[in-house]
file run_11.pdb (PDB, C-alpha atoms, pLDDT in the B column)
ATOM      1  CA  GLN A   1      77.381 101.308  85.738  1.00 83.00           C
ATOM      2  CA  LEU A   2      77.908 104.868  86.865  1.00 88.00           C
ATOM      3  CA  GLN A   3      81.496 106.025  86.486  1.00 94.00           C
ATOM      4  CA  LEU A   4      83.569 109.167  86.466  1.00 97.00           C
ATOM      5  CA  VAL A   5      87.124 108.381  85.416  1.00 97.00           C
ATOM      6  CA  GLU A   6      89.823 111.027  85.572  1.00 98.00           C
ATOM      7  CA  ALA A   7      92.926 111.012  83.359  1.00 98.00           C
ATOM      8  CA  GLY A   8      95.837 113.276  82.466  1.00 98.00           C
ATOM      9  CA  GLY A   9      97.509 113.772  85.813  1.00 97.00           C
ATOM     10  CA  GLY A  10     101.199 113.390  86.536  1.00 97.00           C
ATOM     11  CA  LEU A  11     104.373 115.279  87.320  1.00 98.00           C
ATOM     12  CA  VAL A  12     104.969 118.715  85.802  1.00 98.00           C
ATOM     13  CA  GLN A  13     107.435 121.492  86.477  1.00 98.00           C
ATOM     14  CA  PRO A  14     106.306 124.863  87.821  1.00 98.00           C
ATOM     15  CA  GLY A  15     105.070 127.026  84.979  1.00 98.00           C
ATOM     16  CA  GLY A  16     104.036 124.010  82.958  1.00 98.00           C
ATOM     17  CA  SER A  17     100.635 122.818  81.789  1.00 98.00           C
ATOM     18  CA  LEU A  18      98.432 119.764  82.100  1.00 98.00           C
ATOM     19  CA  ARG A  19      94.984 118.920  80.813  1.00 98.00           C
ATOM     20  CA  LEU A  20      92.804 116.719  82.957  1.00 98.00           C
ATOM     21  CA  SER A  21      89.871 114.864  81.488  1.00 98.00           C
ATOM     22  CA  CYS A  22      86.968 113.057  83.096  1.00 98.00           C
ATOM     23  CA  ALA A  23      84.995 110.502  81.123  1.00 98.00           C
ATOM     24  CA  ALA A  24      81.502 109.818  82.417  1.00 97.00           C
ATOM     25  CA  SER A  25      79.100 106.940  81.943  1.00 95.00           C
ATOM     26  CA  GLY A  26      75.956 105.552  83.495  1.00 94.00           C
ATOM     27  CA  PHE A  27      73.978 108.759  83.871  1.00 93.00           C
ATOM     28  CA  PRO A  28      72.612 111.468  81.528  1.00 94.00           C
ATOM     29  CA  PHE A  29      75.780 113.527  81.338  1.00 94.00           C
ATOM     30  CA  GLU A  30      74.322 116.402  79.358  1.00 96.00           C
ATOM     31  CA  TYR A  31      71.812 117.160  82.119  1.00 97.00           C
ATOM     32  CA  TYR A  32      74.403 117.578  84.864  1.00 97.00           C
ATOM     33  CA  GLY A  33      76.528 120.388  86.133  1.00 97.00           C
ATOM     34  CA  LEU A  34      80.141 119.233  86.462  1.00 98.00           C
ATOM     35  CA  GLY A  35      83.140 120.326  88.422  1.00 97.00           C
ATOM     36  CA  TRP A  36      86.613 119.699  89.762  1.00 98.00           C
ATOM     37  CA  PHE A  37      87.687 119.582  93.375  1.00 98.00           C
ATOM     38  CA  ARG A  38      91.206 119.314  94.719  1.00 98.00           C
ATOM     39  CA  GLN A  39      92.735 117.985  97.910  1.00 97.00           C
ATOM     40  CA  ALA A  40      96.265 119.105  98.673  1.00 95.00           C
ATOM     41  CA  PRO A  41      98.439 117.186 101.146  1.00 90.00           C
ATOM     42  CA  GLY A  42      97.329 117.934 104.688  1.00 92.00           C
ATOM     43  CA  LYS A  43      94.476 120.167 103.580  1.00 95.00           C
ATOM     44  CA  GLU A  44      90.744 119.877 103.172  1.00 95.00           C
ATOM     45  CA  ARG A  45      89.169 119.206  99.823  1.00 96.00           C
ATOM     46  CA  GLU A  46      88.374 122.441  98.009  1.00 96.00           C
ATOM     47  CA  ARG A  47      86.346 123.289  94.948  1.00 97.00           C
ATOM     48  CA  ILE A  48      88.360 124.452  91.950  1.00 97.00           C
ATOM     49  CA  SER A  49      86.003 124.926  89.046  1.00 98.00           C
ATOM     50  CA  CYS A  50      82.573 124.044  87.712  1.00 98.00           C
ATOM     51  CA  ILE A  51      80.518 124.293  84.530  1.00 98.00           C
ATOM     52  CA  SER A  52      76.763 124.203  84.109  1.00 98.00           C
ATOM     53  CA  ALA A  53      74.895 121.598  82.091  1.00 97.00           C
ATOM     54  CA  ARG A  54      74.462 123.921  79.121  1.00 94.00           C
ATOM     55  CA  GLY A  55      77.994 125.286  79.472  1.00 93.00           C
ATOM     56  CA  GLY A  56      76.861 128.868  79.908  1.00 95.00           C
ATOM     57  CA  THR A  57      78.091 129.243  83.475  1.00 97.00           C
ATOM     58  CA  THR A  58      81.615 128.574  84.719  1.00 98.00           C
ATOM     59  CA  LYS A  59      83.103 129.247  88.126  1.00 98.00           C
ATOM     60  CA  TYR A  60      86.694 129.266  89.379  1.00 98.00           C
ATOM     61  CA  ALA A  61      88.344 129.435  92.753  1.00 98.00           C
ATOM     62  CA  ASP A  62      90.363 132.607  93.244  1.00 97.00           C
ATOM     63  CA  SER A  63      93.535 130.536  93.496  1.00 96.00           C
ATOM     64  CA  VAL A  64      93.202 129.238  89.923  1.00 98.00           C
ATOM     65  CA  ASN A  65      91.249 131.987  88.168  1.00 97.00           C
ATOM     66  CA  GLY A  66      93.061 133.071  85.029  1.00 97.00           C
ATOM     67  CA  ARG A  67      95.209 129.942  84.928  1.00 98.00           C
ATOM     68  CA  PHE A  68      92.687 127.094  84.692  1.00 98.00           C
ATOM     69  CA  THR A  69      89.918 126.612  82.119  1.00 98.00           C
ATOM     70  CA  ILE A  70      87.035 124.182  82.408  1.00 98.00           C
ATOM     71  CA  SER A  71      85.148 122.887  79.374  1.00 98.00           C
ATOM     72  CA  ARG A  72      82.847 120.042  78.437  1.00 98.00           C
ATOM     73  CA  ASP A  73      82.052 117.976  75.379  1.00 97.00           C
ATOM     74  CA  ASN A  74      78.594 116.495  75.761  1.00 95.00           C
ATOM     75  CA  ALA A  75      79.025 114.393  72.616  1.00 96.00           C
ATOM     76  CA  LYS A  76      81.953 112.629  74.296  1.00 97.00           C
ATOM     77  CA  ASN A  77      80.530 112.662  77.844  1.00 97.00           C
ATOM     78  CA  THR A  78      83.756 114.298  78.962  1.00 98.00           C
ATOM     79  CA  VAL A  79      84.713 117.316  81.033  1.00 98.00           C
ATOM     80  CA  TYR A  80      88.161 118.880  80.873  1.00 98.00           C
ATOM     81  CA  LEU A  81      90.337 121.061  83.059  1.00 98.00           C
ATOM     82  CA  GLN A  82      93.130 122.867  81.255  1.00 98.00           C
ATOM     83  CA  MET A  83      95.730 123.921  83.800  1.00 98.00           C
ATOM     84  CA  ASP A  84      98.356 126.458  82.775  1.00 98.00           C
ATOM     85  CA  ASN A  85     101.151 128.228  84.661  1.00 98.00           C
ATOM     86  CA  LEU A  86     101.054 125.549  87.309  1.00 98.00           C
ATOM     87  CA  LYS A  87     102.435 126.290  90.757  1.00 98.00           C
ATOM     88  CA  SER A  88     103.688 124.003  93.497  1.00 96.00           C
ATOM     89  CA  GLU A  89     100.555 124.792  95.507  1.00 96.00           C
ATOM     90  CA  ASP A  90      98.463 123.203  92.742  1.00 97.00           C
ATOM     91  CA  THR A  91      99.803 119.819  93.816  1.00 97.00           C
ATOM     92  CA  GLY A  92      97.082 117.488  94.989  1.00 98.00           C
ATOM     93  CA  ILE A  93      94.526 114.891  94.077  1.00 98.00           C
ATOM     94  CA  TYR A  94      91.977 116.204  91.597  1.00 98.00           C
ATOM     95  CA  TYR A  95      88.431 114.859  91.657  1.00 98.00           C
ATOM     96  CA  CYS A  96      85.763 115.093  88.992  1.00 98.00           C
ATOM     97  CA  VAL A  97      82.273 115.670  90.385  1.00 98.00           C
ATOM     98  CA  ALA A  98      78.783 115.801  88.946  1.00 97.00           C
ATOM     99  CA  GLY A  99      75.452 116.997  90.268  1.00 96.00           C
ATOM    100  CA  GLU A 100      74.853 118.535  93.671  1.00 96.00           C
ATOM    101  CA  ARG A 101      78.297 120.041  94.359  1.00 96.00           C
ATOM    102  CA  PRO A 102      78.539 122.019  91.089  1.00 96.00           C
ATOM    103  CA  ALA A 103      74.889 123.011  91.424  1.00 96.00           C
ATOM    104  CA  ALA A 104      75.478 124.407  94.910  1.00 95.00           C
ATOM    105  CA  TRP A 105      78.208 126.624  93.439  1.00 96.00           C
ATOM    106  CA  GLY A 106      75.911 127.946  90.718  1.00 96.00           C
ATOM    107  CA  CYS A 107      76.719 125.496  87.917  1.00 97.00           C
ATOM    108  CA  ARG A 108      73.299 123.963  87.707  1.00 97.00           C
ATOM    109  CA  GLY A 109      71.968 120.959  85.886  1.00 96.00           C
ATOM    110  CA  ARG A 110      68.821 120.778  83.835  1.00 96.00           C
ATOM    111  CA  THR A 111      66.625 118.675  86.113  1.00 93.00           C
ATOM    112  CA  ILE A 112      65.797 118.395  89.803  1.00 92.00           C
ATOM    113  CA  ASP A 113      67.570 115.043  90.011  1.00 91.00           C
ATOM    114  CA  SER A 114      70.688 116.349  88.301  1.00 92.00           C
ATOM    115  CA  ASN A 115      70.981 119.041  90.976  1.00 92.00           C
ATOM    116  CA  ALA A 116      70.436 116.582  93.821  1.00 93.00           C
ATOM    117  CA  MET A 117      72.572 113.568  92.975  1.00 92.00           C
ATOM    118  CA  ASP A 118      76.230 113.616  94.047  1.00 92.00           C
ATOM    119  CA  TYR A 119      78.749 111.702  91.926  1.00 95.00           C
ATOM    120  CA  TRP A 120      82.520 111.595  92.378  1.00 97.00           C
ATOM    121  CA  GLY A 121      85.437 110.135  90.505  1.00 97.00           C
ATOM    122  CA  LYS A 122      88.235 108.331  92.346  1.00 97.00           C
ATOM    123  CA  GLY A 123      90.674 111.167  91.791  1.00 98.00           C
ATOM    124  CA  ILE A 124      93.988 111.620  90.025  1.00 98.00           C
ATOM    125  CA  LEU A 125      97.299 112.933  91.332  1.00 98.00           C
ATOM    126  CA  VAL A 126      98.881 116.106  90.002  1.00 98.00           C
ATOM    127  CA  THR A 127     102.357 116.938  91.245  1.00 98.00           C
ATOM    128  CA  VAL A 128     103.959 120.273  90.443  1.00 98.00           C
ATOM    129  CA  SER A 129     107.636 120.150  91.291  1.00 97.00           C
ATOM    130  CA  SER A 130     111.036 120.902  89.844  1.00 95.00           C
TER     131      SER A 130
END
call {"tool": "encode", "arguments": {"input": "run_11.pdb", "output": "C-alpha cells"}}
result
Amino acid sequence: QLQLVEAGGGLVQPGGSLRLSCAASGFPFEYYGLGWFRQAPGKERERISCISARGGTTKYADSVNGRFTISRDNAKNTVYLQMDNLKSEDTGIYYCVAGERPAAWGCRGRTIDSNAMDYWGKGILVTVSS
C-alpha cells in the first residue's frame, strides 16, 4: 500500500526549531524526487523545498531559504525537513510529496514514471506562536 506519512509537527515558539519527517512505503522511494509543500491558513498551497532522487539537487522557496534544510535517507525510505529560526508565517499544514511536483521544480527522479506519478501525504500541522 502506497503511503507517505508525515511526523514531527506541533507547536513551537518563534525562533525555535522542528524537524519534520516523512516515511514512505509502497513505491521505489530511491527513484523519486521528493519535496515539501505548505498551506497556510487562508492561503494557497505553496512549494517549500525539494530534493532529487540522488540527493544532488535541492531547491528552496525564498521564504525559507537559509532557515530550512531538506535531506533524505534512502535506506530508511524517509525524507526530512529541518526547520530553524521559525517564524509565525511558517504556520501551516506541511505536506510530503513525491514524483511529479518535485520533478517539475527541478528535483528529478531516476525514471520516467518517477517523474510522472504524483503522491501526497495527508499533511501535518506546524504552529509557530508564542
call {"tool": "resolve_selection", "arguments": {"input": "run_11.pdb", "expression": "the PyMOL selection byres ((chain A and resi 56) around 12)", "output": "ChimeraX atom specification"}}
result
/A:33,50-55,57-59,70-72,106-109
call {"tool": "closest_atom_pairs", "arguments": {"input": "run_11.pdb", "of": "region 43-86 of chain A", "to": "region 10-26 of chain A", "cutoff": "10 Å", "atoms": "only C-alpha atoms", "output": "CSV"}}
result
residue,atom,partner,partner_atom,distance
A:Arg67,CA,A:Ser17,CA,9.5
A:Phe68,CA,A:Arg19,CA,9.3
A:Thr69,CA,A:Arg19,CA,9.3
A:Ile70,CA,A:Leu20,CA,9.4
A:Ser71,CA,A:Ser21,CA,9.5
A:Arg72,CA,A:Ser21,CA,9.2
A:Asp73,CA,A:Ala23,CA,9.9
A:Asn74,CA,A:Ala24,CA,9.9
A:Lys76,CA,A:Ala23,CA,7.8
A:Asn77,CA,A:Ala24,CA,5.5
A:Thr78,CA,A:Ala23,CA,4.5
A:Val79,CA,A:Cys22,CA,5.2
A:Tyr80,CA,A:Ser21,CA,4.4
A:Leu81,CA,A:Leu20,CA,5.0
A:Gln82,CA,A:Arg19,CA,4.4
A:Met83,CA,A:Leu18,CA,5.2
A:Asp84,CA,A:Ser17,CA,4.4
A:Asn85,CA,A:Gly15,CA,4.1
A:Leu86,CA,A:Gly15,CA,4.9
call {"tool": "resolve_selection", "arguments": {"input": "run_11.pdb", "expression": "the PyMOL selection byres ((chain A and resi 120) around 7)", "output": "PyMOL selection string"}}
result
chain A and resi 4+95-98+118-119+121-122
call {"tool": "resolve_selection", "arguments": {"input": "run_11.pdb", "expression": "the PyMOL selection byres ((chain A and resi 91) around 10)", "output": "PyMOL selection string"}}
result
chain A and resi 10-12+38-41+86-90+92-94+125-129
call {"tool": "closest_residue", "arguments": {"input": "run_11.pdb", "among": "A:Leu34, A:Ala75, A:Val64, A:Leu2", "to": "Glu100 (chain A)", "atoms": "all atoms listed in the file"}}
result
A:Leu34
call {"tool": "residues_near_point", "arguments": {"input": "run_11.pdb", "point": "(86.4, 122.2, 91.0)", "cutoff": "6 Å", "atoms": "all atoms listed in the file", "output": "MDAnalysis selection string"}}
result
chainID A and resid 35:37 47:50
call {"tool": "axis_aligned_box", "arguments": {"input": "run_11.pdb", "around": "region 75-90 of chain A", "padding_each_side": "3 Å", "output": "lines of an AutoDock Vina configuration file"}}
result
center_x = 91.4
center_y = 120.4
center_z = 84.1
size_x = 30.7
size_y = 21.6
size_z = 28.9
call {"tool": "closest_residue", "arguments": {"input": "run_11.pdb", "among": "A:Gly66, A:Ala61, A:Pro28, A:Ser114", "to": "Gln1 (chain A)", "atoms": "all atoms listed in the file"}}
result
A:Pro28
call {"tool": "atom_distance", "arguments": {"input": "run_11.pdb", "atom1": "CA of Val5 (chain A)", "atom2": "CA of Lys43 (chain A)"}}
result
22.9 Å
call {"tool": "closest_residue", "arguments": {"input": "run_11.pdb", "among": "A:Tyr31, A:Gly8, A:Glu46, A:Gln3", "to": "Arg110 (chain A)", "atoms": "all atoms listed in the file"}}
result
A:Tyr31
call {"tool": "atom_distance", "arguments": {"input": "run_11.pdb", "atom1": "CA of Ala104 (chain A)", "atom2": "CA of Met117 (chain A)"}}
result
11.4 Å
call {"tool": "atom_distance", "arguments": {"input": "run_11.pdb", "atom1": "CA of Ala7 (chain A)", "atom2": "CA of Thr111 (chain A)"}}
result
27.5 Å
call {"tool": "closest_residue", "arguments": {"input": "run_11.pdb", "among": "A:Gly123, A:Tyr60, A:Tyr32, A:Glu6", "to": "Arg45 (chain A)", "atoms": "only C-alpha atoms"}}
result
A:Gly123
call {"tool": "build_atoms", "arguments": {"input": "run_11.pdb", "residues": "region 91-102 of chain A", "atoms": "N, CA, C and O atoms", "output": "CSV table (one decimal), in the frame of the given file"}}
result
chain,number,residue,atom,x,y,z
A,91,THR,N,99.6,121.2,93.6
A,91,THR,CA,99.8,119.8,93.8
A,91,THR,C,98.7,119.3,94.6
A,91,THR,O,98.2,119.9,95.6
A,92,GLY,N,98.1,118.1,94.2
A,92,GLY,CA,97.1,117.5,95.0
A,92,GLY,C,96.4,116.4,94.2
A,92,GLY,O,96.7,116.2,93.0
A,93,ILE,N,95.4,115.8,94.8
A,93,ILE,CA,94.5,114.9,94.1
A,93,ILE,C,93.3,115.7,93.5
A,93,ILE,O,92.6,116.4,94.3
A,94,TYR,N,93.1,115.5,92.3
A,94,TYR,CA,92.0,116.2,91.6
A,94,TYR,C,90.8,115.2,91.4
A,94,TYR,O,91.0,114.2,90.8
A,95,TYR,N,89.6,115.7,91.8
A,95,TYR,CA,88.4,114.9,91.7
A,95,TYR,C,87.4,115.5,90.7
A,95,TYR,O,87.2,116.7,90.8
A,96,CYS,N,86.9,114.7,89.9
A,96,CYS,CA,85.8,115.1,89.0
A,96,CYS,C,84.5,114.8,89.7
A,96,CYS,O,84.3,113.8,90.4
A,97,VAL,N,83.5,115.8,89.7
A,97,VAL,CA,82.3,115.7,90.4
A,97,VAL,C,81.1,116.1,89.5
A,97,VAL,O,81.3,116.9,88.6
A,98,ALA,N,80.0,115.5,89.7
A,98,ALA,CA,78.8,115.8,88.9
A,98,ALA,C,77.6,115.9,89.9
A,98,ALA,O,77.5,115.2,90.9
A,99,GLY,N,76.7,116.9,89.6
A,99,GLY,CA,75.5,117.0,90.3
A,99,GLY,C,75.4,118.1,91.3
A,99,GLY,O,75.6,119.2,91.1
A,100,GLU,N,75.2,117.6,92.6
A,100,GLU,CA,74.9,118.5,93.7
A,100,GLU,C,76.0,119.5,94.0
A,100,GLU,O,75.7,120.7,94.2
A,101,ARG,N,77.2,119.1,94.0
A,101,ARG,CA,78.3,120.0,94.4
A,101,ARG,C,78.4,121.2,93.4
A,101,ARG,O,78.5,122.3,93.7
A,102,PRO,N,78.5,120.9,92.0
A,102,PRO,CA,78.5,122.0,91.1
A,102,PRO,C,77.3,122.9,91.2
A,102,PRO,O,77.4,124.1,91.1
